[in-house]
Amino acid sequence: MIAMLVEIDGERVVLARVEDWSILPLHINARRGGGNLKSADEPDDLEFSVGGLTEPDSENICHHFRWPRRELRIGSTVKITLVDVAECDTPTKRYRSDAEVQESPFTEEEMRELRRKDYLELKKEFEGSTDG
């Protein structure tokens with residue numbers, strides 16, 4: 001079965017594929033404009049992600065699936081090799097893709113980390129504030 005072997009800076013990151021895939025995209029994102037811009041040419045963050053969407057199952061329901069995102073830096077090398085293998089890495093998260101049942105795209109660990117980041121940003125904003 002076809003799969004995508006991803007290596008970042010020489011380290012194996014993921015062997016991505018699921019049996020019932022319909023779309024299996026890989027993304028390299030550079031984002032800026034989040035208010036933390038250091039210079040006109042420097043992005044706020046760089047990241048790699050892989051995930052996708054399944055074919056409809058017997059109940060005509062598709063599912064999203066994904067593996068953890070990875071931060072990149074200037075100079076990072078991302079190597080993608082198409083391979084034919086029997087086994088792949090299990091996705092970190094698989095969730096329904098329909099309006100009827102809304103499932104979170106995040107694991108409990110990821111939700112906790114998002115809340116921690118929000119907390120730290122709020123703490124930084126209000127630390128030392130005298131207006132309550």
# chains A, B, ... in the order shown; residues from 1 in each chain; ligands from 1

call {"tool": "select_by_dssp", "arguments": {"residues": "chain A", "states": "strand (DSSP E)", "output": "ChimeraX atom specification"}}
result
/A:2-8,11-16,21-23,26-31,45-54,63-66,70-71,78-84,93-96

call {"tool": "closest_atom_pairs", "arguments": {"of": "segment 44-94 of chain A", "to": "segment 11-34 of chain A", "cutoff": "7 Å", "atoms": "only C-alpha atoms", "output": "tab-separated table"}}
result
residue	atom	partner	partner_atom	distance
A:Asp44	CA	A:Arg32	CA	4.7
A:Asp45	CA	A:Arg31	CA	5.5
A:Leu46	CA	A:Ala30	CA	4.5
A:Glu47	CA	A:Asn29	CA	5.3
A:Phe48	CA	A:Ile28	CA	4.5
A:Ser49	CA	A:His27	CA	5.2
A:Val50	CA	A:Leu26	CA	4.4
A:Gly51	CA	A:Leu24	CA	6.0
A:Gly52	CA	A:Leu24	CA	4.5
A:Leu53	CA	A:Ile23	CA	5.2
A:Thr54	CA	A:Trp21	CA	4.2
A:Glu55	CA	A:Ser22	CA	5.0
A:Cys88	CA	A:Leu15	CA	5.3
A:Asp89	CA	A:Leu15	CA	5.4

call {"tool": "atom_distance", "arguments": {"atom1": "atom CA of Arg66 of chain A", "atom2": "atom CA of Lys79 of chain A"}}
result
18.2 Å

call {"tool": "atom_distance", "arguments": {"atom1": "atom CA of Asp98 of chain A", "atom2": "atom CA of Leu114 of chain A"}}
result
23.8 Å

call {"tool": "closest_residue", "arguments": {"among": "A:Pro68, A:Pro91, A:Gly10, A:Gly75", "to": "Glu109 of chain A", "atoms": "only C-alpha atoms"}}
result
A:Pro68

call {"tool": "atom_distance", "arguments": {"atom1": "atom CA of Tyr95 of chain A", "atom2": "atom CA of Asn60 of chain A"}}
result
14.1 Å

call {"tool": "closest_residue", "arguments": {"among": "A:His64, A:Glu110, A:Ile74, A:Lys117", "to": "Arg94 of chain A", "atoms": "only C-alpha atoms"}}
result
A:His64

call {"tool": "residues_around", "arguments": {"residues": "Val78 of chain A", "least_positions_apart": "3", "cutoff": "7 Å", "atoms": "only C-alpha atoms", "output": "ChimeraX atom specification"}}
result
/A:7-9

call {"tool": "write_last_selection", "arguments": {"atoms": "N, CA and C atoms", "output": "mmCIF file, in the first residue's frame"}}
result
data_model
loop_
_atom_site.group_PDB
_atom_site.id
_atom_site.type_symbol
_atom_site.label_atom_id
_atom_site.label_comp_id
_atom_site.auth_asym_id
_atom_site.auth_seq_id
_atom_site.Cartn_x
_atom_site.Cartn_y
_atom_site.Cartn_z
ATOM 1 N N GLU A 7 10.505 12.796 6.690
ATOM 2 C CA GLU A 7 11.672 13.028 7.539
ATOM 3 C C GLU A 7 11.904 14.535 7.610
ATOM 4 N N ILE A 8 12.162 15.020 8.808
ATOM 5 C CA ILE A 8 12.463 16.435 8.997
ATOM 6 C C ILE A 8 13.832 16.530 9.635
ATOM 7 N N ASP A 9 14.711 17.264 8.975
ATOM 8 C CA ASP A 9 16.091 17.432 9.429
ATOM 9 C C ASP A 9 16.752 16.083 9.729
#

call {"tool": "closest_residue", "arguments": {"among": "A:Glu59, A:Asp84, A:Glu42, A:Glu121", "to": "Arg96 of chain A", "atoms": "only C-alpha atoms"}}
result
A:Glu59

call {"tool": "select_by_dssp", "arguments": {"residues": "chain A", "states": "alpha helix (DSSP H)", "output": "VMD selection string"}}
result
chain A and resid 108 to 126

call {"tool": "write_last_selection", "arguments": {"atoms": "C-alpha atoms", "output": "PDB file, in the first residue's frame"}}
result
ATOM      1  CA  GLU A 108      -7.135  15.684  25.468  1.00  0.00           C
ATOM      2  CA  GLU A 109      -3.386  16.346  25.706  1.00  0.00           C
ATOM      3  CA  GLU A 110      -3.593  18.893  22.866  1.00  0.00           C
ATOM      4  CA  MET A 111      -6.598  20.613  24.475  1.00  0.00           C
ATOM      5  CA  ARG A 112      -4.654  20.921  27.724  1.00  0.00           C
ATOM      6  CA  GLU A 113      -1.683  22.439  25.886  1.00  0.00           C
ATOM      7  CA  LEU A 114      -3.951  24.944  24.101  1.00  0.00           C
ATOM      8  CA  ARG A 115      -5.475  25.980  27.444  1.00  0.00           C
ATOM      9  CA  ARG A 116      -1.975  26.313  28.945  1.00  0.00           C
ATOM     10  CA  LYS A 117      -0.890  28.603  26.084  1.00  0.00           C
ATOM     11  CA  ASP A 118      -4.036  30.711  26.536  1.00  0.00           C
ATOM     12  CA  TYR A 119      -3.365  30.899  30.273  1.00  0.00           C
ATOM     13  CA  LEU A 120       0.235  32.035  29.752  1.00  0.00           C
ATOM     14  CA  GLU A 121      -0.833  34.710  27.253  1.00  0.00           C
ATOM     15  CA  LEU A 122      -3.552  35.986  29.600  1.00  0.00           C
ATOM     16  CA  LYS A 123      -1.159  35.938  32.541  1.00  0.00           C
ATOM     17  CA  LYS A 124       1.362  37.962  30.525  1.00  0.00           C
ATOM     18  CA  GLU A 125      -1.357  40.437  29.471  1.00  0.00           C
ATOM     19  CA  PHE A 126      -2.746  40.987  32.966  1.00  0.00           C
TER      20      PHE A 126
END
